[in-house]
file my_file12.tsv (TSV, C-alpha atoms)
chain	number	residue	atom	x	y	z
X	983	ILE	CA	25.64	-20.50	1.19
X	984	ALA	CA	25.97	-17.13	-0.58
X	985	TRP	CA	24.02	-15.50	2.26
X	986	PHE	CA	26.39	-16.89	4.91
X	987	VAL	CA	29.44	-15.81	2.91
X	988	ILE	CA	28.16	-12.25	2.54
X	989	MET	CA	26.97	-11.92	6.13
X	990	PHE	CA	29.91	-13.49	7.97
X	991	SER	CA	32.96	-13.01	5.75
X	992	TRP	CA	33.35	-9.30	6.65
X	993	LYS	CA	34.43	-8.62	3.05
X	994	PHE	CA	31.32	-6.76	1.89
X	995	GLY	CA	31.01	-3.95	4.41
X	996	ILE	CA	28.80	-6.01	6.71
X	997	HIS	CA	30.31	-6.96	10.07
X	998	ILE	CA	28.00	-9.37	11.87
X	999	THR	CA	28.82	-11.71	14.72
X	1000	LEU	CA	26.77	-14.27	16.58
X	1001	LYS	CA	26.11	-11.68	19.31
X	1002	ASP	CA	24.09	-9.67	16.81
X	1003	TYR	CA	21.58	-12.52	16.69
X	1004	ILE	CA	20.66	-12.15	20.36
X	1005	PRO	CA	17.02	-10.91	20.43
X	1006	ASP	CA	16.63	-7.24	21.33
X	1007	LEU	CA	13.38	-7.16	23.28
X	1008	GLN	CA	13.08	-3.38	23.09
X	1009	THR	CA	13.35	-3.44	19.30
X	1010	ILE	CA	10.91	-6.34	19.10
X	1011	LYS	CA	8.41	-4.36	21.17
X	1012	LYS	CA	8.72	-1.29	18.94
X	1013	THR	CA	8.37	-3.41	15.81
X	1014	PHE	CA	5.32	-5.15	17.22
X	1015	LEU	CA	3.60	-1.83	17.99
X	1016	LEU	CA	4.27	-0.69	14.43
X	1017	TRP	CA	3.12	-4.02	13.01
X	1018	VAL	CA	-0.26	-4.17	14.80
X	1019	PRO	CA	-1.95	-1.34	12.82
X	1020	SER	CA	-0.54	-2.67	9.54
X	1021	SER	CA	-1.78	-6.15	10.41
X	1022	ILE	CA	-5.26	-4.81	11.16
X	1023	GLU	CA	-5.19	-2.86	7.90
X	1024	MET	CA	-4.24	-5.92	5.81
X	1025	THR	CA	-6.79	-8.09	7.59
X	1026	ALA	CA	-9.54	-5.51	7.05
X	1027	ARG	CA	-8.61	-5.25	3.37
X	1028	SER	CA	-8.56	-9.05	2.87
X	1029	LEU	CA	-11.86	-9.61	4.67
X	1030	SER	CA	-13.44	-6.83	2.66
X	1031	PHE	CA	-12.35	-8.50	-0.58
X	1032	THR	CA	-13.70	-11.84	0.65
X	1033	ILE	CA	-17.09	-10.37	1.55
X	1034	LEU	CA	-17.28	-8.50	-1.77
X	1035	THR	CA	-16.53	-11.75	-3.61
X	1036	ALA	CA	-19.31	-13.48	-1.68
X	1037	LEU	CA	-21.66	-10.65	-2.62
X	1038	VAL	CA	-20.79	-11.05	-6.30
X	1039	ALA	CA	-21.24	-14.83	-6.03
X	1040	SER	CA	-24.76	-14.33	-4.63
X	1041	PHE	CA	-25.94	-13.22	-8.09
X	1042	TRP	CA	-24.86	-15.65	-10.81
X	1043	SER	CA	-21.82	-17.64	-11.87
X	1044	VAL	CA	-21.13	-15.45	-14.91
X	1045	ALA	CA	-20.61	-12.39	-12.69
X	1046	THR	CA	-18.28	-14.36	-10.41
X	1047	ALA	CA	-16.23	-15.69	-13.32
X	1048	ALA	CA	-15.93	-12.24	-14.90
X	1049	TYR	CA	-14.98	-10.70	-11.54
X	1050	TRP	CA	-12.13	-13.17	-11.02
X	1051	VAL	CA	-10.87	-12.83	-14.59
X	1052	SER	CA	-10.78	-9.04	-14.22
X	1053	TRP	CA	-8.95	-9.39	-10.91
X	1054	ASN	CA	-6.23	-11.47	-12.60
X	1055	PHE	CA	-5.53	-8.62	-14.99
X	1056	VAL	CA	-5.75	-5.98	-12.26
X	1057	GLN	CA	-3.16	-7.88	-10.21
X	1058	ILE	CA	-0.51	-7.19	-12.86
X	1059	TRP	CA	-1.06	-3.46	-12.41
X	1060	VAL	CA	-1.35	-3.69	-8.59
X	1061	ILE	CA	1.91	-5.67	-8.20
X	1062	LEU	CA	3.81	-3.09	-10.25
X	1063	ALA	CA	2.26	-0.19	-8.33
X	1064	MET	CA	3.05	-1.83	-5.00
X	1065	SER	CA	6.65	-2.55	-6.01
X	1066	ILE	CA	7.22	1.11	-6.89
X	1067	SER	CA	5.52	2.24	-3.67
X	1068	ILE	CA	7.64	-0.04	-1.47
X	1069	ALA	CA	10.86	1.07	-3.19
X	1070	THR	CA	9.83	4.70	-2.67
X	1071	SER	CA	9.11	4.13	1.02
X	1072	VAL	CA	12.57	2.60	1.55
X	1073	LEU	CA	14.34	5.59	-0.04
X	1074	VAL	CA	12.14	8.11	1.78
X	1075	GLY	CA	12.79	6.37	5.10
X	1076	GLN	CA	16.56	6.40	4.52
X	1077	HIS	CA	16.61	10.14	3.79
X	1078	LEU	CA	14.36	10.90	6.76
X	1079	TRP	CA	16.68	8.96	9.06
X	1080	ALA	CA	19.60	10.94	7.64
X	1081	SER	CA	17.62	14.16	8.35
X	1082	ASN	CA	17.72	14.98	4.64
X	1083	PHE	CA	14.10	16.11	4.49
X	1084	LYS	CA	14.46	17.96	1.19
X	1085	LYS	CA	15.75	14.82	-0.52
X	1086	ALA	CA	12.97	12.72	1.03
X	1087	LYS	CA	10.36	15.06	-0.46
X	1088	GLU	CA	12.14	15.01	-3.81
X	1089	VAL	CA	12.08	11.20	-3.87
X	1090	TYR	CA	8.36	11.22	-3.05
X	1091	SER	CA	7.58	13.82	-5.76
X	1092	PHE	CA	9.75	12.02	-8.35
X	1093	SER	CA	8.07	8.71	-7.59
X	1094	MET	CA	4.53	10.14	-7.80
X	1095	LYS	CA	5.26	11.84	-11.12
X	1096	TYR	CA	7.02	9.05	-12.96
X	1097	SER	CA	5.12	6.12	-11.49
X	1098	PHE	CA	1.93	7.81	-12.74
X	1099	ILE	CA	3.40	7.83	-16.25
X	1100	ILE	CA	4.64	4.23	-16.01
X	1101	LEU	CA	1.37	2.89	-14.60
X	1102	THR	CA	-0.63	4.77	-17.21
X	1103	VAL	CA	1.39	3.14	-19.99
X	1104	VAL	CA	0.98	-0.29	-18.36
X	1105	TRP	CA	-2.76	0.21	-17.97
X	1106	ILE	CA	-3.11	1.23	-21.63
X	1107	LEU	CA	-1.20	-1.90	-22.67
X	1108	LEU	CA	-3.44	-4.05	-20.49
X	1109	ALA	CA	-6.54	-2.36	-21.89
X	1110	VAL	CA	-5.32	-3.05	-25.44
X	1111	LEU	CA	-4.11	-6.60	-24.89
X	1112	SER	CA	-6.59	-7.92	-22.33
X	1113	PRO	CA	-9.53	-8.29	-24.80
X	1114	HIS	CA	-7.33	-10.78	-26.66
X	1115	LEU	CA	-5.90	-12.44	-23.54
X	1116	ILE	CA	-9.28	-12.92	-21.87
X	1117	HIS	CA	-10.06	-15.73	-24.30
X	1118	ILE	CA	-7.40	-17.76	-22.48
X	1119	PHE	CA	-9.45	-17.59	-19.27
X	1120	ALA	CA	-12.92	-17.77	-20.81
X	1121	PRO	CA	-12.62	-19.27	-24.31
X	1122	GLY	CA	-15.79	-18.75	-26.30
X	1123	ASN	CA	-17.83	-17.56	-23.30
X	1124	THR	CA	-19.35	-14.36	-24.63
X	1125	GLU	CA	-21.39	-13.69	-21.48
X	1126	VAL	CA	-18.32	-13.69	-19.22
X	1127	ILE	CA	-16.41	-11.49	-21.70
X	1128	LYS	CA	-19.30	-9.02	-21.85
X	1129	VAL	CA	-19.54	-8.68	-18.06
X	1130	TRP	CA	-15.74	-8.56	-17.75
X	1131	ALA	CA	-15.57	-5.67	-20.27
X	1132	LYS	CA	-18.09	-3.73	-18.20
X	1133	ILE	CA	-16.13	-4.33	-14.98
X	1134	VAL	CA	-12.89	-3.12	-16.59
X	1135	ARG	CA	-14.51	0.03	-18.01
X	1136	ILE	CA	-16.01	0.98	-14.66
X	1137	SER	CA	-13.09	-0.04	-12.43
X	1138	CYS	CA	-10.45	1.87	-14.39
X	1139	ILE	CA	-12.00	5.14	-13.17
X	1140	SER	CA	-10.84	4.46	-9.60
X	1141	PHE	CA	-7.43	2.95	-10.38
X	1142	TRP	CA	-5.42	6.15	-10.16
X	1143	PHE	CA	-6.97	7.02	-6.81
X	1144	ILE	CA	-6.18	3.54	-5.52
X	1145	TRP	CA	-2.58	4.09	-6.66
X	1146	ILE	CA	-2.48	7.44	-4.79
X	1147	GLN	CA	-3.63	5.72	-1.59
X	1148	MET	CA	-1.11	2.91	-2.04
X	1149	SER	CA	1.82	5.26	-2.69
X	1150	ILE	CA	1.07	7.59	0.23
X	1151	ASN	CA	0.33	4.67	2.57
X	1152	TRP	CA	3.83	3.30	2.01
X	1153	VAL	CA	5.42	6.73	2.44
X	1154	LEU	CA	3.58	7.08	5.77
X	1155	ARG	CA	4.87	3.67	6.81
X	1156	SER	CA	8.40	4.89	6.11
X	1157	MET	CA	7.66	7.64	8.65
X	1158	TRP	CA	6.55	5.01	11.18
X	1159	ASN	CA	2.96	6.15	10.79
X	1160	THR	CA	0.98	2.94	10.39
X	1161	LYS	CA	-2.22	4.10	12.08
X	1162	MET	CA	-3.47	6.51	9.40
X	1163	PRO	CA	-3.48	3.85	6.62
X	1164	MET	CA	-5.35	1.52	8.99
X	1165	TYR	CA	-8.03	4.13	9.73
X	1166	LEU	CA	-8.53	4.91	6.05
X	1167	VAL	CA	-8.91	1.27	5.04
X	1168	ILE	CA	-11.48	0.67	7.78
X	1169	VAL	CA	-13.45	3.79	6.79
X	1170	GLY	CA	-13.13	3.26	3.05
X	1171	GLN	CA	-13.77	-0.48	2.90
X	1172	TRP	CA	-16.06	-1.19	5.85
X	1173	ILE	CA	-17.96	2.02	6.44
X	1174	ILE	CA	-18.39	3.24	2.85
X	1175	LYS	CA	-17.69	0.57	0.21
X	1176	LEU	CA	-19.23	-2.65	1.58
X	1177	PRO	CA	-22.51	-1.12	2.87
X	1178	LEU	CA	-22.84	0.89	-0.35
X	1179	ALA	CA	-22.22	-2.18	-2.53
X	1180	TYR	CA	-24.70	-4.32	-0.60
X	1181	ILE	CA	-27.52	-1.80	-0.41
X	1182	LEU	CA	-27.26	-0.67	-4.04
X	1183	ALA	CA	-26.77	-4.19	-5.42
X	1184	LYS	CA	-29.59	-5.78	-3.46
X	1185	TYR	CA	-32.20	-3.03	-3.41
X	1186	THR	CA	-31.85	-1.10	-6.68
X	1187	PHE	CA	-32.58	-1.80	-10.32
X	1188	MET	CA	-28.96	-2.05	-11.50
X	1189	TRP	CA	-28.26	-5.10	-9.30
X	1190	VAL	CA	-24.75	-6.51	-9.61
X	1191	ASP	CA	-23.52	-3.56	-11.72
X	1192	TRP	CA	-23.61	-1.42	-8.59
X	1193	ILE	CA	-20.84	-3.56	-7.06
X	1194	TRP	CA	-18.44	-2.37	-9.74
X	1195	TRP	CA	-19.55	1.24	-9.24
X	1196	SER	CA	-19.38	1.09	-5.43
X	1197	ASP	CA	-15.57	1.18	-5.42
X	1198	ILE	CA	-15.33	4.51	-7.24
X	1199	ALA	CA	-16.76	6.88	-4.59
X	1200	PRO	CA	-14.61	5.70	-1.63
X	1201	SER	CA	-11.49	5.43	-3.83
X	1202	ILE	CA	-11.81	9.01	-5.10
X	1203	LEU	CA	-12.73	10.35	-1.66
X	1204	LEU	CA	-9.85	8.61	0.14
X	1205	GLY	CA	-7.43	9.52	-2.66
X	1206	PHE	CA	-8.09	13.21	-2.09
X	1207	VAL	CA	-7.99	12.73	1.69
X	1208	MET	CA	-4.56	11.12	1.43
X	1209	LEU	CA	-3.25	13.89	-0.83
X	1210	TYR	CA	-4.50	16.51	1.62
X	1211	TYR	CA	-3.07	14.63	4.61
X	1212	ILE	CA	0.42	14.17	3.13
X	1213	SER	CA	0.47	17.86	2.14
X	1214	LYS	CA	-0.01	18.81	5.80
X	1215	VAL	CA	2.60	16.41	7.21
X	1216	ASP	CA	5.64	18.08	8.74
X	1217	TRP	CA	8.44	15.86	7.42
X	1218	THR	CA	10.80	17.14	10.12
X	1219	LYS	CA	8.50	15.90	12.88
X	1220	THR	CA	7.49	12.41	11.81
X	1221	ASN	CA	7.44	9.44	14.17
X	1222	LEU	CA	10.73	8.28	12.66
X	1223	THR	CA	12.56	11.58	13.13
X	1224	LYS	CA	11.16	11.99	16.64
X	1225	LYS	CA	12.56	8.58	17.53
X	1226	LYS	CA	15.93	9.49	16.08
X	1227	LEU	CA	16.06	12.73	18.10
X	1228	GLU	CA	15.26	10.77	21.28
X	1229	GLU	CA	18.13	8.36	20.58
X	1230	ILE	CA	20.50	11.25	19.85
X	1231	GLU	CA	19.56	12.90	23.17
X	1232	VAL	CA	20.25	9.66	25.04
X	1233	ILE	CA	23.64	9.29	23.32
X	1234	GLU	CA	24.55	12.91	24.11
X	1235	GLU	CA	23.59	12.42	27.76
X	1236	LEU	CA	25.74	9.30	27.99
X	1237	GLU	CA	28.66	11.11	26.35
X	1238	SER	CA	28.33	14.04	28.74
X	1239	VAL	CA	28.35	11.64	31.70
X	1240	GLU	CA	31.52	10.03	30.36
X	1241	VAL	CA	33.16	13.46	29.98
X	1242	VAL	CA	32.25	14.38	33.57
X	1243	LYS	CA	33.73	11.10	34.83
X	1244	GLU	CA	36.97	11.75	32.99
X	1245	LEU	CA	37.22	15.23	34.50
call {"tool": "encode", "arguments": {"input": "my_file12.tsv", "output": "structure tokens"}}
result
Amino acid sequence: IAWFVIMFSWKFGIHITLKDYIPDLQTIKKTFLLWVPSSIEMTARSLSFTILTALVASFWSVATAAYWVSWNFVQIWVILAMSISIATSVLVGQHLWASNFKKAKEVYSFSMKYSFIILTVVWILLAVLSPHLIHIFAPGNTEVIKVWAKIVRISCISFWFIWIQMSINWVLRSMWNTKMPMYLVIVGQWIIKLPLAYILAKYTFMWVDWIWWSDIAPSILLGFVMLYYISKVDWTKTNLTKKKLEEIEVIEELESVEVVKEL
């Protein structure tokens, strides 16, 4: 009810009529083309996680239990990091559309600086509290707790580089660049991480421990790649700003035609 009141009352700065609900096929087409790379990226990421879980499960149940317990704690950090990244992408996209490129860069820099501080504090709190909270998930199971502690110690090395990828990925999406994140996920997860995890875990002496280590190399590598890539992006010539310039040119042409007709 509140939604209908806000959308149709015309009292909150939003003027929507039933005509606005007629599907715009051109917009749907553009959205679909932007959505396809993101969909492939998410699918590749999810399948990679599924395969990695199956690889962990091929060893013993203790490793699987510890892996899932660690993932529950990691999710707290990931959800916060993603929320900040999405909020940043919205603000960056708004400033880019307004051609305020300086402000867009300032928002990106501000977000990177302070989200690093916030996420560091959260991670320290999790590191301090999780040894006590883990007993809720694995009460009295010393083997699971031991493996879990090892996973956390190893995984935390790559967390900041994962955050860098996540933040820059969402900023690129705000520029209508959804292909680069897709390419990086495919390379990082399917070409580097999964083969590395399988080969090292199955054919070396460290066995399942290599699975925890296998995420560090691609995370660090792709983190630096993303930092280098975003540093070379011309914010005045993104996909979003190019599209805006095209629309402005069309509007100017139509206005000039109208002026000629009046003359």
call {"tool": "residues_around", "arguments": {"input": "my_file12.tsv", "residues": "segment 1192-1201 of chain X", "least_positions_apart": "4", "cutoff": "10 Å", "atoms": "only C-alpha atoms", "output": "PyMOL selection string"}}
result
chain X and resi 1034-1035+1037-1038+1049+1132-1147+1166-1167+1169-1171+1173-1184+1186-1188+1205-1207
call {"tool": "closest_residue", "arguments": {"input": "my_file12.tsv", "among": "X:Ile1106, X:Ala1120, X:Leu1073, X:Leu1101", "to": "Val1153 of chain X", "atoms": "all atoms listed in the file"}}
result
X:Leu1073
call {"tool": "closest_residue", "arguments": {"input": "my_file12.tsv", "among": "X:Trp1042, X:Trp1217, X:Trp1105, X:Trp1172", "to": "Phe1055 of chain X", "atoms": "only C-alpha atoms"}}
result
X:Trp1105
call {"tool": "residues_around", "arguments": {"input": "my_file12.tsv", "residues": "Val1129 of chain X", "least_positions_apart": "4", "cutoff": "7 Å", "atoms": "only C-alpha atoms", "output": "PyMOL selection string"}}
result
chain X and resi 1045+1048+1125+1133
call {"tool": "write_last_selection", "arguments": {"input": "my_file12.tsv", "atoms": "C-alpha atoms", "output": "PDB file, in the coordinates of the input"}}
result
ATOM      1  CA  ALA X1045     -20.610 -12.390 -12.690  1.00  0.00           C
ATOM      2  CA  ALA X1048     -15.930 -12.240 -14.900  1.00  0.00           C
ATOM      3  CA  GLU X1125     -21.390 -13.690 -21.480  1.00  0.00           C
ATOM      4  CA  ILE X1133     -16.130  -4.330 -14.980  1.00  0.00           C
TER       5      ILE X1133
END
call {"tool": "closest_residue", "arguments": {"input": "my_file12.tsv", "among": "X:Ser1156, X:Asn1151, X:Ser1043, X:Thr1070", "to": "Val1126 of chain X", "atoms": "only C-alpha atoms"}}
result
X:Ser1043
call {"tool": "atom_distance", "arguments": {"input": "my_file12.tsv", "atom1": "atom CA of Trp1130 of chain X", "atom2": "atom CA of Leu1203 of chain X"}}
result
25.0 Å
call {"tool": "atom_distance", "arguments": {"input": "my_file12.tsv", "atom1": "atom CA of His1077 of chain X", "atom2": "atom CA of Arg1155 of chain X"}}
result
13.7 Å
call {"tool": "residues_around", "arguments": {"input": "my_file12.tsv", "residues": "segment 999-1001 of chain X", "least_positions_apart": "5", "cutoff": "10 Å", "atoms": "all atoms listed in the file", "output": "number ranges by chain"}}
result
X: 989-992
call {"tool": "closest_residue", "arguments": {"input": "my_file12.tsv", "among": "X:Ser1052, X:Thr1220, X:Ser1028, X:Ser1213", "to": "Ser1112 of chain X", "atoms": "all atoms listed in the file"}}
result
X:Ser1052
call {"tool": "atom_distance", "arguments": {"input": "my_file12.tsv", "atom1": "atom CA of Ile1068 of chain X", "atom2": "atom CA of Leu1154 of chain X"}}
result
10.9 Å
call {"tool": "closest_residue", "arguments": {"input": "my_file12.tsv", "among": "X:Ser1093, X:Thr1102, X:Ala1026, X:Trp1017", "to": "Ala1069 of chain X", "atoms": "all atoms listed in the file"}}
result
X:Ser1093
call {"tool": "residues_around", "arguments": {"input": "my_file12.tsv", "residues": "Asn1159 of chain X", "least_positions_apart": "5", "cutoff": "12 Å", "atoms": "only C-alpha atoms", "output": "NGL selection string"}}
result
:X and (1015-1020 or 1071 or 1075 or 1150-1154 or 1164-1165 or 1212 or 1215 or 1217 or 1219-1225)
call {"tool": "closest_residue", "arguments": {"input": "my_file12.tsv", "among": "X:Val1104, X:Thr1032, X:Ile1127, X:Val1110", "to": "Ile1061 of chain X", "atoms": "only C-alpha atoms"}}
result
X:Val1104
